[in-house]
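> Right, I'll just put the structure down here and ask away after.
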Amino acid sequence: MKLHKGCRDIFKNLALLRRLSRMMSQQGISRGSYTGRERPKFAVLKQLRSLDGFHFYFYYICMNIKTFKRGLRLPMRKTATEGKPVETIPAPKQVVIPINQQFGAPNRVLVAVGDRVKRGQKIADVENPGSLGAPVHASVTGIVRKTEPHLQSNNADGLCVYIEADAERALTDTEFMPPLDAFACSKDEAVARVRDAGIVGMGGAGFPTHVKLSPPPGKAIDTIIANGAECEPYLTIDEALMIEKPKQLVQGVAIVMRVTGVQNAIIGMEDNKASLIPALEQEIRSAGLEGKISIGLCRTQYPQGGEKLLISALTGREVPSGGLPMDAGCIVNNVGTFIAIAEAFELGKPLVDRDLTVSGLACKTPKNIRAPIGAMLTGLPQCFMDIDYEKLHKILFGGPMMGVSVPTLEIPIQKNTSGVILMTREETASYAEGACIRCGRCMRACACRLSPVLMNIALNAGDLDEAARAGLMDCIECGGCTYNCPARIKLVQRFRVGKLLLRARRQAAPASR
């Protein structure tokens, strides 16, 4: 295709031309429609203007795509739930709520068997209010029937509160907090509201959000990042939330900016969600935050949603080894976390519901759902969630790359459950491990630019110190190395075990002195 020089200056590399060609074909525009006697420069612009949201696509897709080095281009498999709205599940008959759903100190139960609790009532919290942790609230109104251990999504038993839901008022009889104006209250009151709402990171880590909003002295924060990349295959819940609640997302970002005193924020997403840009920018304009909140579009590439990689792509900064996003001047939260923050102030609503994707070929009705925390998929009626148990071969809590395989569906949904993937045998593969051939494909796939092959050699030799020197503790366990390994070596599983052994040794070292 011969372009006018002015067009060549804009579309200056083949990758962008290919992306443009795909966009045009999706809109039913053929290559022949902009060739011939018509001047190519004006013909191309004419065809571009026929695309939906041209001004947004043109700038973001052709001029401002960001990314990081290395990584993988995975089959996304999102079409089953992509674009579907979030559906609220029917009120469950019982919920099983784990009392520890956060990073930090363990909680203690605040209710007794036989107590009647309301939706939004605090049922567990840390003993010392100053400890790192977050409270847990009842997600339904009903009677506490028992407190005992139950299998959770980390494949370990943990203490849970069993609540038998009130058949008529399970979701309507609430005990929420009074609304609070985030822009009129003090910073301490705002941070306390986030903590009292039990909000933790909803991207998977479960780190208490109120701690992120109070960085220690000496940590200068200048950028807030809303993580909407959602790079895991199958999962579409973040996209669904940005479609359904763009106003709450922008409001949540504005609240965090006000609490932290930061004047710059970025909503980061991959370019497969570029169609969401007009609605988000409209909300930014309506809130009067133009110039303060921007949208950063990144290449669709795994693991773009990792906070360290998203920081690198959007700001060009690198989180130091062993460091946190605050060491690069950033606070990163999932878009769902920002929406939960907005609802905690506007509605006084604690984190009692979880939005997630249920997908996979063993699910006949894949969809994005909103469920009370503690609900189980096995308790849903078939007309709402139809699961083919005969074909069900593997259950994943989370995405297929970083999620956890569990033995049963009798596991409660938690604050950090982003998805449940129900896979058939055809969707999964099991291979015998071969010998490492030192091909380096794991290194080329590692987005953190580590040396998985050297870490694996050190762990096989039992040398934890050498594995640490090779970058073991900086591994984000994205699974890219395992996916790319031709010998099918379970690298991530080895790294997880190696980290546990190294942490245990470091904790035991002071006690032995």
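Residue numbers start at 1 in each chain; chains themselves are named A, B, ... in the order of the structure tokens; ligands are numbered from 1 in the order shown.
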I'd like the contact shell of region 69-73 of chain A - 6 Å cut-off, only C-alpha atoms, skipping same-chain residues fewer than 3 positions apart - returned as a list of chain:residue names.
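Once the adjacent positions are removed, what remains is A:Gln301, A:Tyr302, A:Ala445, A:Cys446, A:Ala447.
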> Would you put the residues from that selection into a file with N, CA and C atoms, as a CSV table (one decimal), in the first residue's frame?

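The new file out-v3.csv reads:
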```csv
chain,number,residue,atom,x,y,z
A,301,GLN,N,-0.7,-7.7,26.0
A,301,GLN,CA,0.5,-8.5,26.2
A,301,GLN,C,0.6,-9.0,27.6
A,302,TYR,N,0.8,-10.3,27.8
A,302,TYR,CA,0.9,-10.9,29.2
A,302,TYR,C,2.3,-10.8,29.7
A,445,ALA,N,11.0,-15.0,27.7
A,445,ALA,CA,9.6,-14.7,28.1
A,445,ALA,C,9.4,-14.0,29.4
A,446,CYS,N,10.5,-13.9,30.2
A,446,CYS,CA,10.4,-13.3,31.6
A,446,CYS,C,10.2,-11.8,31.5
A,447,ALA,N,9.1,-11.3,31.9
A,447,ALA,CA,8.8,-9.9,31.8
A,447,ALA,C,9.7,-9.1,32.8
```
> Could you pull the residues within 12 Å of Leu324 (chain A), counting only C-alpha atoms, minus those fewer than 3 positions along the same chain, as a ChimeraX atom specification?
/A:212,215,219,221,307-309,311,318-321,327-332,474
> I need the residues of region 276-380 of chain A that end up classed as alpha helix (DSSP H) by DSSP on the backbone, written out as an mmCIF file with C-alpha atoms, in the first residue's frame.

```
data_model
loop_
_atom_site.group_PDB
_atom_site.id
_atom_site.type_symbol
_atom_site.label_atom_id
_atom_site.label_comp_id
_atom_site.auth_asym_id
_atom_site.auth_seq_id
_atom_site.Cartn_x
_atom_site.Cartn_y
_atom_site.Cartn_z
ATOM 1 C CA ILE A 277 -12.026 5.304 26.228
ATOM 2 C CA PRO A 278 -14.869 7.660 25.141
ATOM 3 C CA ALA A 279 -17.078 6.837 28.148
ATOM 4 C CA LEU A 280 -14.182 7.149 30.598
ATOM 5 C CA GLU A 281 -13.006 10.440 29.151
ATOM 6 C CA GLN A 282 -16.577 11.754 29.312
ATOM 7 C CA GLU A 283 -16.690 10.944 33.044
ATOM 8 C CA ILE A 284 -13.292 12.582 33.554
ATOM 9 C CA ARG A 285 -14.564 15.746 31.882
ATOM 10 C CA SER A 286 -17.800 15.666 33.888
ATOM 11 C CA GLU A 307 1.780 -3.740 38.850
ATOM 12 C CA LYS A 308 5.531 -3.475 38.335
ATOM 13 C CA LEU A 309 5.173 -3.964 34.590
ATOM 14 C CA LEU A 310 2.244 -1.562 34.345
ATOM 15 C CA ILE A 311 4.311 1.083 36.151
ATOM 16 C CA SER A 312 7.152 0.483 33.705
ATOM 17 C CA ALA A 313 4.853 0.760 30.688
ATOM 18 C CA LEU A 314 2.948 3.866 31.834
ATOM 19 C CA THR A 315 5.687 5.862 33.565
ATOM 20 C CA VAL A 335 -10.209 -0.793 39.038
ATOM 21 C CA GLY A 336 -12.572 -2.838 41.203
ATOM 22 C CA THR A 337 -10.818 -1.538 44.309
ATOM 23 C CA PHE A 338 -11.374 2.083 43.224
ATOM 24 C CA ILE A 339 -15.057 1.357 42.613
ATOM 25 C CA ALA A 340 -15.342 -0.232 46.080
ATOM 26 C CA ILE A 341 -13.747 2.885 47.584
ATOM 27 C CA ALA A 342 -16.283 5.137 45.853
ATOM 28 C CA GLU A 343 -19.188 3.007 47.107
ATOM 29 C CA ALA A 344 -17.771 2.977 50.658
ATOM 30 C CA PHE A 345 -18.038 6.789 50.757
ATOM 31 C CA GLU A 346 -21.139 7.353 48.634
#
```
> Give the strand (DSSP E or B) residues of region 305-444 of chain A, as assigned by DSSP on the backbone, as a PyMOL selection string.
chain A and resi 330-334+353-359+363+367-372+387+394-397+404-406+419-423
> Looking at only C-alpha atoms, which of A:Gln152, A:Asn264, A:Asn333, A:Gln121 is the one that sits closest to Ala197 (chain A)?
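Closest candidate: A:Gln121.
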> In Å, rounded to a single decimal, give me how far CA of Pro135 (chain A) is from CA of Pro208 (chain A).
9.6 Å
> Do you have the CA of Arg195 (chain A)-CA of Tyr162 (chain A) distance handy?
23.3 Å
> Looking at only C-alpha atoms, which of A:Val262, A:Met202, A:Leu235, A:Ala461 is the one that sits closest to Met76 (chain A)?
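Closest to Met76 (chain A) of all the choices is A:Leu235.
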> Which residues come within 12 Å of Cys439 (chain A), counting only C-alpha atoms, excluding same-chain residues fewer than 3 positions away, as an MDAnalysis selection string?
chainID A and resid 435:436 442:445 451:454 481 484:487
> Could you write those residues out with N, CA, C and O atoms, as a short mmCIF file (atom, residue, chain, number, x, y, z; two decimals), in the first residue's frame?

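Okay, result.cif is ready:
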```
data_model
loop_
_atom_site.label_atom_id
_atom_site.label_comp_id
_atom_site.auth_asym_id
_atom_site.auth_seq_id
_atom_site.Cartn_x
_atom_site.Cartn_y
_atom_site.Cartn_z
N ALA A 435 14.19 -32.81 30.25
CA ALA A 435 15.43 -32.22 30.76
C ALA A 435 15.60 -30.81 30.19
O ALA A 435 15.27 -30.56 29.02
N CYS A 436 16.11 -29.91 31.02
CA CYS A 436 16.37 -28.54 30.55
C CYS A 436 17.46 -28.58 29.49
O CYS A 436 18.53 -29.17 29.69
N CYS A 442 12.79 -19.43 28.41
CA CYS A 442 12.21 -18.91 29.65
C CYS A 442 12.71 -17.51 29.94
O CYS A 442 11.98 -16.66 30.46
N MET A 443 13.97 -17.23 29.61
CA MET A 443 14.53 -15.90 29.83
C MET A 443 13.92 -14.88 28.87
O MET A 443 13.65 -13.75 29.26
N ARG A 444 13.67 -15.31 27.64
CA ARG A 444 13.06 -14.39 26.67
C ARG A 444 11.61 -14.07 27.02
O ARG A 444 11.11 -13.01 26.65
N ALA A 445 10.95 -14.97 27.74
CA ALA A 445 9.56 -14.74 28.12
C ALA A 445 9.43 -13.97 29.42
O ALA A 445 8.37 -13.40 29.69
N SER A 451 16.45 -14.68 35.21
CA SER A 451 17.03 -15.87 34.57
C SER A 451 16.41 -17.12 35.19
O SER A 451 17.01 -17.76 36.07
N PRO A 452 15.21 -17.48 34.76
CA PRO A 452 14.55 -18.65 35.35
C PRO A 452 15.39 -19.91 35.26
O PRO A 452 15.35 -20.75 36.17
N VAL A 453 16.16 -20.07 34.19
CA VAL A 453 16.97 -21.28 34.04
C VAL A 453 18.01 -21.37 35.15
O VAL A 453 18.23 -22.46 35.71
N LEU A 454 18.62 -20.26 35.52
CA LEU A 454 19.62 -20.27 36.59
C LEU A 454 18.96 -20.49 37.95
O LEU A 454 19.51 -21.19 38.81
N CYS A 481 7.41 -18.25 32.02
CA CYS A 481 8.53 -19.16 31.77
C CYS A 481 8.03 -20.59 31.59
O CYS A 481 8.48 -21.31 30.68
N ASN A 484 6.39 -21.06 28.23
CA ASN A 484 7.30 -21.00 27.09
C ASN A 484 8.33 -22.12 27.09
O ASN A 484 9.10 -22.24 26.14
N CYS A 485 8.37 -22.94 28.13
CA CYS A 485 9.42 -23.95 28.25
C CYS A 485 9.12 -25.16 27.37
O CYS A 485 8.10 -25.83 27.55
N PRO A 486 10.00 -25.49 26.40
CA PRO A 486 9.75 -26.65 25.53
C PRO A 486 9.90 -27.98 26.27
O PRO A 486 9.36 -29.00 25.83
N ALA A 487 10.60 -27.97 27.42
CA ALA A 487 10.77 -29.20 28.20
C ALA A 487 9.63 -29.40 29.19
O ALA A 487 9.61 -30.39 29.92
#
```
> Find the residues near Gly419 (chain A): any atom within 7 Å, counting only C-alpha atoms, skip ones fewer than 5 places away on the same chain, and give them as a list in words.
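Once the adjacent positions are removed, what remains is Leu235, Leu356, Thr357, Val358, Phe397, Gly398 and Gly399 of chain A.
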> To one decimal place in Å, what is the distance between CA of Lys187 (chain A) and CA of Gln102 (chain A)?
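Going from CA of Lys187 (chain A) over to CA of Gln102 (chain A), I get 22.8 Å.
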> Could you check the closest approach to Val191 (chain A) for each of A:Gly305, A:Tyr431, A:Glu239, A:Leu213 and tell me which residue wins, using only C-alpha atoms?
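Smallest distance to Val191 (chain A) is found for A:Leu213.
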